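Participant: Hey, dropping my_file_28.cif in here, mmCIF, C-alpha atoms:
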data_structure
#
loop_
_atom_site.group_PDB
_atom_site.id
_atom_site.type_symbol
_atom_site.label_atom_id
_atom_site.label_comp_id
_atom_site.auth_asym_id
_atom_site.auth_seq_id
_atom_site.Cartn_x
_atom_site.Cartn_y
_atom_site.Cartn_z
ATOM 1 C CA MET A 74 -15.551 -5.837 9.284
ATOM 2 C CA ARG A 75 -17.110 -8.927 10.791
ATOM 3 C CA ALA A 76 -18.193 -10.288 7.366
ATOM 4 C CA ASP A 77 -14.615 -10.055 6.066
ATOM 5 C CA ILE A 78 -13.270 -11.856 9.125
ATOM 6 C CA GLU A 79 -15.814 -14.643 8.716
ATOM 7 C CA ARG A 80 -14.938 -14.953 5.017
ATOM 8 C CA TRP A 81 -11.224 -15.332 5.796
ATOM 9 C CA GLU A 82 -11.965 -17.770 8.631
ATOM 10 C CA ALA A 83 -13.988 -19.913 6.209
ATOM 11 C CA LYS A 84 -11.161 -19.816 3.664
ATOM 12 C CA TYR A 85 -8.509 -20.934 6.148
ATOM 13 C CA ARG A 86 -10.714 -23.652 7.656
ATOM 14 C CA LYS A 87 -10.618 -25.256 4.187
ATOM 15 C CA ALA A 88 -6.850 -24.701 3.764
ATOM 16 C CA ASP A 89 -4.214 -27.388 4.210
ATOM 17 C CA PRO A 90 -3.100 -27.082 7.861
ATOM 18 C CA ARG A 91 0.292 -28.581 6.945
ATOM 19 C CA GLN A 92 1.275 -26.103 4.253
ATOM 20 C CA ALA A 93 4.850 -26.035 3.013
ATOM 21 C CA LEU A 94 6.662 -22.715 3.370
ATOM 22 C CA GLN A 95 5.994 -20.540 0.327
ATOM 23 C CA VAL A 96 8.233 -17.484 0.110
ATOM 24 C CA ASP A 97 7.149 -14.502 -1.957
ATOM 25 C CA PRO A 98 9.696 -13.807 -4.737
ATOM 26 C CA LEU A 99 9.999 -10.160 -3.629
ATOM 27 C CA LEU A 100 11.134 -11.269 -0.159
ATOM 28 C CA GLN A 101 13.564 -13.763 -1.651
ATOM 29 C CA ALA A 102 15.012 -11.113 -3.983
ATOM 30 C CA HIS A 103 15.755 -8.823 -1.030
ATOM 31 C CA SER A 104 16.738 -11.433 1.550
ATOM 32 C CA ASP A 105 20.170 -9.843 2.055
ATOM 33 C CA ARG A 106 18.517 -6.564 3.053
ATOM 34 C CA LEU A 107 16.104 -8.400 5.372
ATOM 35 C CA ARG A 108 18.626 -10.370 7.418
ATOM 36 C CA GLY A 109 19.154 -9.158 10.933
ATOM 37 C CA ASP A 110 18.271 -9.522 14.579
ATOM 38 C CA GLY A 111 15.669 -6.772 14.874
ATOM 39 C CA THR A 112 11.891 -6.948 14.965
ATOM 40 C CA ALA A 113 9.650 -7.632 11.963
ATOM 41 C CA LEU A 114 5.910 -7.156 11.516
ATOM 42 C CA ASP A 115 3.978 -9.178 8.934
ATOM 43 C CA LEU A 116 0.662 -7.371 8.341
ATOM 44 C CA ALA A 117 -2.351 -9.315 7.062
ATOM 45 C CA ALA A 118 -0.118 -12.332 7.526
ATOM 46 C CA GLY A 119 -2.584 -15.059 6.602
ATOM 47 C CA ALA A 120 -0.852 -18.382 7.234
ATOM 48 C CA CYS A 121 2.329 -16.487 8.237
ATOM 49 C CA HIS A 122 4.613 -17.535 5.372
ATOM 50 C CA ALA A 123 6.358 -14.139 5.332
ATOM 51 C CA ALA A 124 6.685 -14.043 9.127
ATOM 52 C CA VAL A 125 8.202 -17.527 9.177
ATOM 53 C CA TYR A 126 10.641 -16.621 6.416
ATOM 54 C CA LEU A 127 11.656 -13.425 8.239
ATOM 55 C CA ALA A 128 12.215 -15.465 11.414
ATOM 56 C CA LYS A 129 14.421 -17.843 9.438
ATOM 57 C CA LEU A 130 16.478 -14.784 8.412
ATOM 58 C CA GLY A 131 17.086 -14.012 12.104
ATOM 59 C CA LEU A 132 14.363 -11.466 12.836
ATOM 60 C CA MET A 133 11.920 -11.578 15.756
ATOM 61 C CA ALA A 134 8.755 -11.806 13.675
ATOM 62 C CA THR A 135 5.224 -10.878 14.660
ATOM 63 C CA ALA A 136 2.307 -11.899 12.441
ATOM 64 C CA LEU A 137 -0.925 -9.911 12.541
ATOM 65 C CA ASP A 138 -4.126 -11.135 10.875
ATOM 66 C CA CYS A 139 -7.895 -11.164 11.375
ATOM 67 C CA SER A 140 -8.127 -14.966 11.106
ATOM 68 C CA ALA A 141 -7.325 -17.031 14.178
ATOM 69 C CA THR A 142 -7.357 -20.153 12.005
ATOM 70 C CA ALA A 143 -4.741 -18.696 9.649
ATOM 71 C CA LEU A 144 -2.505 -17.723 12.554
ATOM 72 C CA SER A 145 -2.811 -21.226 14.011
ATOM 73 C CA ILE A 146 -1.692 -22.670 10.669
ATOM 74 C CA GLY A 147 1.204 -20.200 10.757
ATOM 75 C CA GLN A 148 2.288 -21.273 14.235
ATOM 76 C CA ARG A 149 2.427 -24.905 13.090
ATOM 77 C CA LEU A 150 4.400 -23.842 10.002
ATOM 78 C CA ALA A 151 6.890 -21.994 12.209
ATOM 79 C CA GLN A 152 7.334 -25.072 14.408
ATOM 80 C CA ARG A 153 7.994 -27.279 11.373
ATOM 81 C CA GLU A 154 10.536 -24.739 10.099
ATOM 82 C CA GLY A 155 12.296 -24.619 13.476
ATOM 83 C CA VAL A 156 11.576 -20.963 14.297
ATOM 84 C CA ALA A 157 9.346 -19.046 16.694
ATOM 85 C CA ILE A 158 6.937 -16.287 15.712
ATOM 86 C CA THR A 159 4.494 -14.203 17.707
ATOM 87 C CA THR A 160 0.922 -13.984 16.431
ATOM 88 C CA HIS A 161 -1.852 -11.497 17.145
ATOM 89 C CA GLN A 162 -5.420 -11.582 15.892
ATOM 90 C CA ALA A 163 -6.787 -8.157 14.946
ATOM 91 C CA ASP A 164 -9.195 -6.567 12.511
ATOM 92 C CA LEU A 165 -6.875 -4.414 10.404
ATOM 93 C CA ASP A 166 -9.778 -2.218 9.322
ATOM 94 C CA GLU A 167 -10.246 -1.237 12.984
ATOM 95 C CA THR A 168 -6.738 -1.526 14.434
ATOM 96 C CA PRO A 169 -3.957 1.057 14.142
ATOM 97 C CA LEU A 170 -0.526 -0.108 13.123
ATOM 98 C CA PRO A 171 1.169 -1.730 16.141
ATOM 99 C CA THR A 172 3.692 0.530 17.779
ATOM 100 C CA GLY A 173 7.208 -0.112 16.577
ATOM 101 C CA PRO A 174 9.670 0.788 15.773
ATOM 102 C CA TRP A 175 10.090 -2.133 13.393
ATOM 103 C CA ALA A 176 13.247 -3.143 11.572
ATOM 104 C CA VAL A 177 11.087 -4.727 8.853
ATOM 105 C CA LEU A 178 7.477 -4.053 8.009
ATOM 106 C CA CYS A 179 6.007 -6.494 5.491
ATOM 107 C CA CYS A 180 2.565 -6.330 3.894
ATOM 108 C CA LEU A 181 1.681 -8.658 1.014
ATOM 109 C CA ARG A 182 -1.644 -8.782 -0.870
ATOM 110 C CA PHE A 183 -3.482 -6.425 1.481
ATOM 111 C CA LEU A 184 -4.353 -2.764 1.043
ATOM 112 C CA SER A 185 -5.265 -0.286 3.736
ATOM 113 C CA ARG A 186 -4.466 3.275 2.756
ATOM 114 C CA ASP A 187 -4.859 4.353 6.371
ATOM 115 C CA LEU A 188 -2.209 1.857 7.504
ATOM 116 C CA MET A 189 0.031 2.807 4.562
ATOM 117 C CA THR A 190 0.231 6.382 5.833
ATOM 118 C CA GLN A 191 1.330 5.052 9.251
ATOM 119 C CA MET A 192 4.054 2.752 7.912
ATOM 120 C CA PRO A 193 6.989 5.177 7.488
ATOM 121 C CA GLY A 194 6.666 6.384 11.077
ATOM 122 C CA ALA A 195 6.443 2.823 12.398
ATOM 123 C CA LEU A 196 9.847 1.903 10.954
ATOM 124 C CA GLU A 197 12.998 2.387 12.978
ATOM 125 C CA PRO A 198 15.693 4.538 11.321
ATOM 126 C CA GLY A 199 17.133 2.295 8.637
ATOM 127 C CA GLY A 200 14.062 0.043 8.837
ATOM 128 C CA LEU A 201 12.814 -1.625 5.684
ATOM 129 C CA LEU A 202 9.332 -1.630 4.184
ATOM 130 C CA VAL A 203 8.263 -4.452 1.847
ATOM 131 C CA LEU A 204 4.792 -3.874 0.419
ATOM 132 C CA LYS A 205 3.178 -5.681 -2.513
ATOM 133 C CA THR A 206 -0.460 -5.841 -3.506
ATOM 134 C CA PHE A 207 -2.856 -5.720 -6.435
ATOM 135 C CA ASN A 208 -3.103 -2.676 -8.660
ATOM 136 C CA VAL A 209 -5.763 -1.419 -11.046
ATOM 137 C CA HIS A 210 -4.590 -3.766 -13.828
ATOM 138 C CA HIS A 211 -5.754 -6.728 -11.693
ATOM 139 C CA LEU A 212 -9.342 -5.715 -12.468
ATOM 140 C CA VAL A 213 -8.907 -6.777 -16.099
ATOM 141 C CA LYS A 214 -8.548 -10.427 -15.033
ATOM 142 C CA ALA A 215 -10.732 -10.139 -11.938
ATOM 143 C CA PRO A 216 -13.498 -7.602 -12.677
ATOM 144 C CA ALA A 217 -15.459 -8.674 -9.577
ATOM 145 C CA PHE A 218 -12.543 -7.660 -7.314
ATOM 146 C CA ASN A 219 -13.394 -4.648 -5.150
ATOM 147 C CA PRO A 220 -11.800 -1.627 -6.888
ATOM 148 C CA ALA A 221 -11.336 0.090 -3.519
ATOM 149 C CA TYR A 222 -8.602 -2.467 -2.765
ATOM 150 C CA VAL A 223 -6.337 -1.876 -5.746
ATOM 151 C CA LEU A 224 -3.510 0.629 -6.058
ATOM 152 C CA GLN A 225 -3.533 3.325 -8.707
ATOM 153 C CA PRO A 226 -0.459 3.985 -10.893
ATOM 154 C CA GLY A 227 2.077 6.082 -9.009
ATOM 155 C CA GLU A 228 0.359 5.648 -5.645
ATOM 156 C CA LEU A 229 3.225 3.887 -3.867
ATOM 157 C CA GLU A 230 5.832 6.429 -4.932
ATOM 158 C CA SER A 231 3.694 9.348 -3.794
ATOM 159 C CA THR A 232 2.730 7.689 -0.482
ATOM 160 C CA PHE A 233 6.287 6.704 0.460
ATOM 161 C CA VAL A 234 8.151 9.733 -0.865
ATOM 162 C CA ALA A 235 9.974 10.113 2.481
ATOM 163 C CA LEU A 236 11.583 6.655 2.169
ATOM 164 C CA GLU A 237 14.675 5.647 0.181
ATOM 165 C CA THR A 238 13.445 3.272 -2.508
ATOM 166 C CA PHE A 239 15.393 0.180 -3.597
ATOM 167 C CA ASP A 240 12.767 -1.570 -5.734
ATOM 168 C CA LEU A 241 9.558 -0.125 -7.159
ATOM 169 C CA SER A 242 6.928 -1.261 -9.636
ATOM 170 C CA ASP A 243 4.180 1.302 -9.351
ATOM 171 C CA GLY A 244 1.415 0.170 -11.686
ATOM 172 C CA HIS A 245 2.509 1.928 -14.854
ATOM 173 C CA ASP A 246 2.929 -1.354 -16.777
ATOM 174 C CA PRO A 247 -0.456 -2.880 -17.759
ATOM 175 C CA ALA A 248 1.195 -6.311 -17.793
ATOM 176 C CA GLU A 249 1.872 -6.072 -14.028
ATOM 177 C CA ALA A 250 -1.228 -6.832 -11.952
ATOM 178 C CA GLN A 251 0.601 -6.104 -8.694
ATOM 179 C CA SER A 252 2.550 -3.090 -7.499
ATOM 180 C CA TRP A 253 5.368 -3.255 -4.978
ATOM 181 C CA ILE A 254 7.914 -1.199 -3.122
ATOM 182 C CA VAL A 255 10.981 -2.072 -1.070
ATOM 183 C CA ALA A 256 12.191 1.050 0.710
ATOM 184 C CA ARG A 257 14.120 2.155 3.772
ATOM 185 C CA ARG A 258 13.481 4.846 6.341
ATOM 186 C CA PRO A 259 16.498 7.175 6.269
ATOM 187 C CA GLY A 260 18.771 7.474 9.261
ATOM 188 C CA GLY A 261 20.004 3.939 9.895
ATOM 189 C CA CYS A 262 23.636 2.966 10.225
ATOM 190 C CA SER A 263 23.424 0.389 7.406
ATOM 191 C CA GLU A 264 21.134 -0.967 4.714
ATOM 192 C CA SER A 265 20.447 -4.260 6.483
ATOM 193 C CA ALA A 266 17.360 -4.635 8.641
ATOM 194 C CA GLY A 267 19.308 -5.598 11.727
ATOM 195 C CA GLY A 268 22.008 -2.985 11.313
ATOM 196 C CA ASN A 269 24.689 -5.569 10.521
#
Spell out the structure here as structure tokens.
Facilitator:
Amino acid sequence: MRADIERWEAKYRKADPRQALQVDPLLQAHSDRLRGDGTALDLAAGACHAAVYLAKLGLMATALDCSATALSIGQRLAQREGVAITTHQADLDETPLPTGPWAVLCCLRFLSRDLMTQMPGALEPGGLLVLKTFNVHHLVKAPAFNPAYVLQPGELESTFVALETFDLSDGHDPAEAQSWIVARRPGGCSESAGGN
């Protein structure tokens, strides 16, 4: 939606253009699984912190976001970190998942149920999904948050039943305001993203 894009553009125009790399703890915890020389897609990438981190792990990372300003910040971050990433601006409410197959598909703090259903098929055999976003318990602290954009308990497990799960927190604990899954598409020759 145009209004959402303008809201994110306004947010990133106010952001520090020289941000330091901030790595999500879930990515750090699974860095050994993420290392490789394959392709990685960072969906709703924002300022591209995940894409830059994946590039530092050896992957050819593509960052996709609706905000051109955020992607520009991400390109500068990649340069400062000594890696290259590819960026594409797209409205994720209107754009299908980019054709893979991807060795790593990463989506942090964004929810599109339509894209979620496309994710398993976009992974290469042995490819890894890392998804983490707000669940229904987030509404306790943020009641104004749009309830359409929070996961329900058990939703990740049921959506990604065809994948082999390594790490799952699926909204059953009221103390956890985010749900996450790290899972692999069956059929690869090893557990690492790059097949090493």
Participant: With a cut-off of 9 Å, could you pull out the residues of region 158-227 of chain A touching region 90-113 of chain A and give me the nearest pair of atoms for each, distance in Å to one decimal, using all atoms listed in the file, ordered by chain and ascending number, as a Markdown table?
Facilitator:
| residue | atom | partner | partner_atom | distance |
| --- | --- | --- | --- | --- |
| A:Gly173 | CA | A:Thr112 | CA | 8.4 |
| A:Pro174 | CA | A:Thr112 | CA | 8.1 |
| A:Trp175 | CA | A:Thr112 | CA | 5.4 |
| A:Ala176 | CA | A:Thr112 | CA | 5.3 |
| A:Val177 | CA | A:Ala113 | CA | 4.5 |
| A:Leu178 | CA | A:Ala113 | CA | 5.8 |
| A:Cys179 | CA | A:Ala113 | CA | 7.5 |
| A:Leu181 | CA | A:Asp97 | CA | 8.5 |
| A:Leu201 | CA | A:Leu107 | CA | 7.5 |
| A:Val203 | CA | A:Leu100 | CA | 7.7 |
| A:Lys205 | CA | A:Leu99 | CA | 8.2 |
Participant: Run the PyMOL selection byres ((chain A and resi 116-120) around 10) against the file shown and list the residues it catches, as a ChimeraX atom specification.
Facilitator: /A:81-82,85,88,90,92,94-95,113-115,121-125,135-151,160-165,170-171,178-184,188,204
Participant: Mind pulling up the distance from CA of Thr238 (chain A) to CA of Gly199 (chain A)?
Facilitator: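 One can read the CA of Gly199 (chain A) to CA of Thr238 (chain A) distance as 11.8 Å.
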Participant: Can you give me, as JSON, numbers by chain, the residues this file yields under the PyMOL selection byres ((chain A and resi 248-251) around 9)?
Facilitator: {"A": [182, 205, 206, 207, 208, 209, 210, 211, 212, 213, 214, 223, 224, 242, 243, 244, 245, 246, 247, 252, 253]}
Participant: For the structure shown, which residues end up in the PyMOL selection byres ((chain A and resi 235) around 10)? Put them as an mmCIF file with C-alpha atoms, keeping the file's coordinate frame, please?
Facilitator:
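As written to disk, selection19.cif reads:
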data_model
loop_
_atom_site.group_PDB
_atom_site.id
_atom_site.type_symbol
_atom_site.label_atom_id
_atom_site.label_comp_id
_atom_site.auth_asym_id
_atom_site.auth_seq_id
_atom_site.Cartn_x
_atom_site.Cartn_y
_atom_site.Cartn_z
ATOM 1 C CA PRO A 193 6.989 5.177 7.488
ATOM 2 C CA GLY A 194 6.666 6.384 11.077
ATOM 3 C CA GLU A 230 5.832 6.429 -4.932
ATOM 4 C CA SER A 231 3.694 9.348 -3.794
ATOM 5 C CA THR A 232 2.730 7.689 -0.482
ATOM 6 C CA PHE A 233 6.287 6.704 0.460
ATOM 7 C CA VAL A 234 8.151 9.733 -0.865
ATOM 8 C CA LEU A 236 11.583 6.655 2.169
ATOM 9 C CA GLU A 237 14.675 5.647 0.181
ATOM 10 C CA THR A 238 13.445 3.272 -2.508
ATOM 11 C CA ALA A 256 12.191 1.050 0.710
ATOM 12 C CA ARG A 257 14.120 2.155 3.772
ATOM 13 C CA ARG A 258 13.481 4.846 6.341
ATOM 14 C CA PRO A 259 16.498 7.175 6.269
#
